[in-house]
Amino acid sequence: MRAALQQAQEAASEGEIPIGAVVVCNDRIIGVGHNMTERLDDPTAHAEMIALTSACNAIGGKYLNDCTLYVTVEPCPMCAAALNWAQLGRLVYGAADPKRGYSLYEPSLLHPRTQVTALCTASCSTQPDARPDLWPASQPEAASSLATDSSRAASLADECSRLVSDFFAARR
């Protein structure tokens, strides 16, 4: 998540909404991205889309079954659908997006086998895939890894949320 935060800070320094993403496969970063919608005049140039394209180019294929996407903010529906098509293995996000996040939609826009870990706590408490007590038995490793280091997860989630909040506060 630290690498995704670095990408988000890079986006902020370019005047973009500070969202960053990295794709990791076999303990190696294979794709990185940050928002580039303003620079490219492209409403689809979200951090997740840039990172997905980079990762798919790195592995020479369109499926990311064995990969994890770390993103600083919960993906929007467009990005979640792209993650579905890529059959992403795992999604980890820092801050919830209660206005535009994919979790607002039912059924889930993610691939059925994608495991989700939300680092946020209070802001995610109503989202089923963010609450360890509601995770299916097939995701015990996600629950245990989050529970063992919950203070670090909360700190990262707060940092992700603060980046976006500070960005918009400065523009008001």
# chains A, B, ... in the order shown; residues from 1 in each chain; ligands from 1
>>> select_by_dssp(residues="region 29-132 of chain A", states="helix (DSSP H, G or I)", output="ChimeraX atom specification")
/A:37-40,47-59,77-85,102-104,122-124,128-130,132
>>> write_last_selection(atoms="N, CA and C atoms", output="CSV table (one decimal), in the first residue's frame")
chain,number,residue,atom,x,y,z
A,37,THR,N,-6.4,11.7,-15.4
A,37,THR,CA,-7.6,12.1,-16.2
A,37,THR,C,-7.4,13.5,-16.7
A,38,GLU,N,-6.8,14.4,-15.9
A,38,GLU,CA,-6.6,15.8,-16.4
A,38,GLU,C,-5.5,15.9,-17.4
A,39,ARG,N,-4.4,15.2,-17.1
A,39,ARG,CA,-3.2,15.2,-18.1
A,39,ARG,C,-3.6,14.7,-19.4
A,40,LEU,N,-4.3,13.6,-19.4
A,40,LEU,CA,-4.6,12.9,-20.7
A,40,LEU,C,-6.0,13.4,-21.3
A,47,ALA,N,-6.4,5.6,-11.8
A,47,ALA,CA,-5.2,4.9,-11.3
A,47,ALA,C,-5.3,3.4,-11.6
A,48,GLU,N,-6.4,2.8,-11.3
A,48,GLU,CA,-6.6,1.4,-11.4
A,48,GLU,C,-6.4,0.9,-12.9
A,49,MET,N,-7.0,1.7,-13.8
A,49,MET,CA,-6.9,1.4,-15.2
A,49,MET,C,-5.5,1.5,-15.7
A,50,ILE,N,-4.8,2.5,-15.3
A,50,ILE,CA,-3.4,2.6,-15.7
A,50,ILE,C,-2.6,1.5,-15.2
A,51,ALA,N,-2.8,1.1,-13.9
A,51,ALA,CA,-2.0,0.0,-13.3
A,51,ALA,C,-2.4,-1.3,-13.9
A,52,LEU,N,-3.6,-1.5,-14.2
A,52,LEU,CA,-4.1,-2.8,-14.9
A,52,LEU,C,-3.4,-2.9,-16.3
A,53,THR,N,-3.4,-1.9,-17.0
A,53,THR,CA,-2.8,-1.9,-18.4
A,53,THR,C,-1.3,-2.2,-18.3
A,54,SER,N,-0.7,-1.6,-17.3
A,54,SER,CA,0.8,-1.8,-17.1
A,54,SER,C,1.1,-3.2,-16.7
A,55,ALA,N,0.2,-3.8,-15.8
A,55,ALA,CA,0.4,-5.1,-15.3
A,55,ALA,C,0.2,-6.1,-16.4
A,56,CYS,N,-0.9,-5.9,-17.2
A,56,CYS,CA,-1.2,-6.9,-18.3
A,56,CYS,C,-0.1,-6.8,-19.3
A,57,ASN,N,0.5,-5.7,-19.6
A,57,ASN,CA,1.6,-5.6,-20.5
A,57,ASN,C,2.8,-6.3,-20.0
A,58,ALA,N,3.0,-6.2,-18.7
A,58,ALA,CA,4.2,-6.8,-18.0
A,58,ALA,C,4.1,-8.4,-18.1
A,59,ILE,N,2.9,-8.9,-17.9
A,59,ILE,CA,2.8,-10.4,-18.0
A,59,ILE,C,2.5,-10.9,-19.3
A,77,PRO,N,-17.3,2.0,-10.1
A,77,PRO,CA,-17.9,0.9,-10.9
A,77,PRO,C,-17.1,0.6,-12.2
A,78,MET,N,-16.6,1.6,-12.9
A,78,MET,CA,-15.9,1.4,-14.1
A,78,MET,C,-14.7,0.5,-13.9
A,79,CYS,N,-13.9,0.9,-12.8
A,79,CYS,CA,-12.7,0.2,-12.5
A,79,CYS,C,-13.0,-1.2,-12.0
A,80,ALA,N,-14.0,-1.3,-11.2
A,80,ALA,CA,-14.4,-2.6,-10.7
A,80,ALA,C,-14.8,-3.6,-11.8
A,81,ALA,N,-15.5,-3.1,-12.8
A,81,ALA,CA,-15.8,-3.9,-13.9
A,81,ALA,C,-14.5,-4.3,-14.7
A,82,ALA,N,-13.6,-3.4,-14.8
A,82,ALA,CA,-12.3,-3.8,-15.5
A,82,ALA,C,-11.6,-4.9,-14.7
A,83,LEU,N,-11.6,-4.7,-13.3
A,83,LEU,CA,-11.0,-5.7,-12.5
A,83,LEU,C,-11.7,-7.1,-12.7
A,84,ASN,N,-13.0,-7.1,-12.9
A,84,ASN,CA,-13.7,-8.3,-13.1
A,84,ASN,C,-13.2,-8.9,-14.4
A,85,TRP,N,-13.1,-8.2,-15.5
A,85,TRP,CA,-12.7,-8.7,-16.7
A,85,TRP,C,-11.3,-9.3,-16.6
A,102,TYR,N,-17.6,1.1,-5.8
A,102,TYR,CA,-18.3,-0.1,-6.4
A,102,TYR,C,-19.2,-0.8,-5.5
A,103,SER,N,-18.9,-0.7,-4.2
A,103,SER,CA,-19.7,-1.5,-3.2
A,103,SER,C,-21.1,-1.0,-3.0
A,104,LEU,N,-21.4,0.1,-3.7
A,104,LEU,CA,-22.8,0.7,-3.6
A,104,LEU,C,-23.7,-0.2,-4.5
A,122,ALA,N,-14.0,2.5,10.4
A,122,ALA,CA,-15.3,3.1,10.7
A,122,ALA,C,-16.0,3.5,9.4
A,123,SER,N,-15.3,4.0,8.5
A,123,SER,CA,-16.0,4.4,7.2
A,123,SER,C,-16.4,3.3,6.4
A,124,CYS,N,-15.9,2.1,6.6
A,124,CYS,CA,-16.3,0.9,5.9
A,124,CYS,C,-17.2,0.0,6.6
A,128,PRO,N,-20.2,-5.0,3.4
A,128,PRO,CA,-20.1,-6.4,3.8
A,128,PRO,C,-18.7,-6.9,3.6
A,129,ASP,N,-18.0,-6.6,2.5
A,129,ASP,CA,-16.7,-7.1,2.2
A,129,ASP,C,-15.6,-6.4,3.0
A,130,ALA,N,-15.9,-5.4,3.7
A,130,ALA,CA,-14.9,-4.7,4.5
A,130,ALA,C,-15.0,-5.1,6.0
A,132,PRO,N,-14.7,-8.1,8.6
A,132,PRO,CA,-14.2,-9.4,8.8
A,132,PRO,C,-15.3,-10.4,9.3
>>> closest_residue(among="A:Pro43, A:Gln87, A:Arg162, A:Ala95", to="Gly61 (chain A)", atoms="only C-alpha atoms")
A:Gln87
>>> residues_around(residues="Val164 (chain A)", least_positions_apart="2", cutoff="10 Å", atoms="only C-alpha atoms", output="list in words")
Ala8, Gln9, Ala12, Ile17, Pro18, Ile19, Thr72, Val73, Ala95, Glu159, Cys160, Ser161, Arg162, Asp166, Phe167, Phe168 and Ala169 of chain A
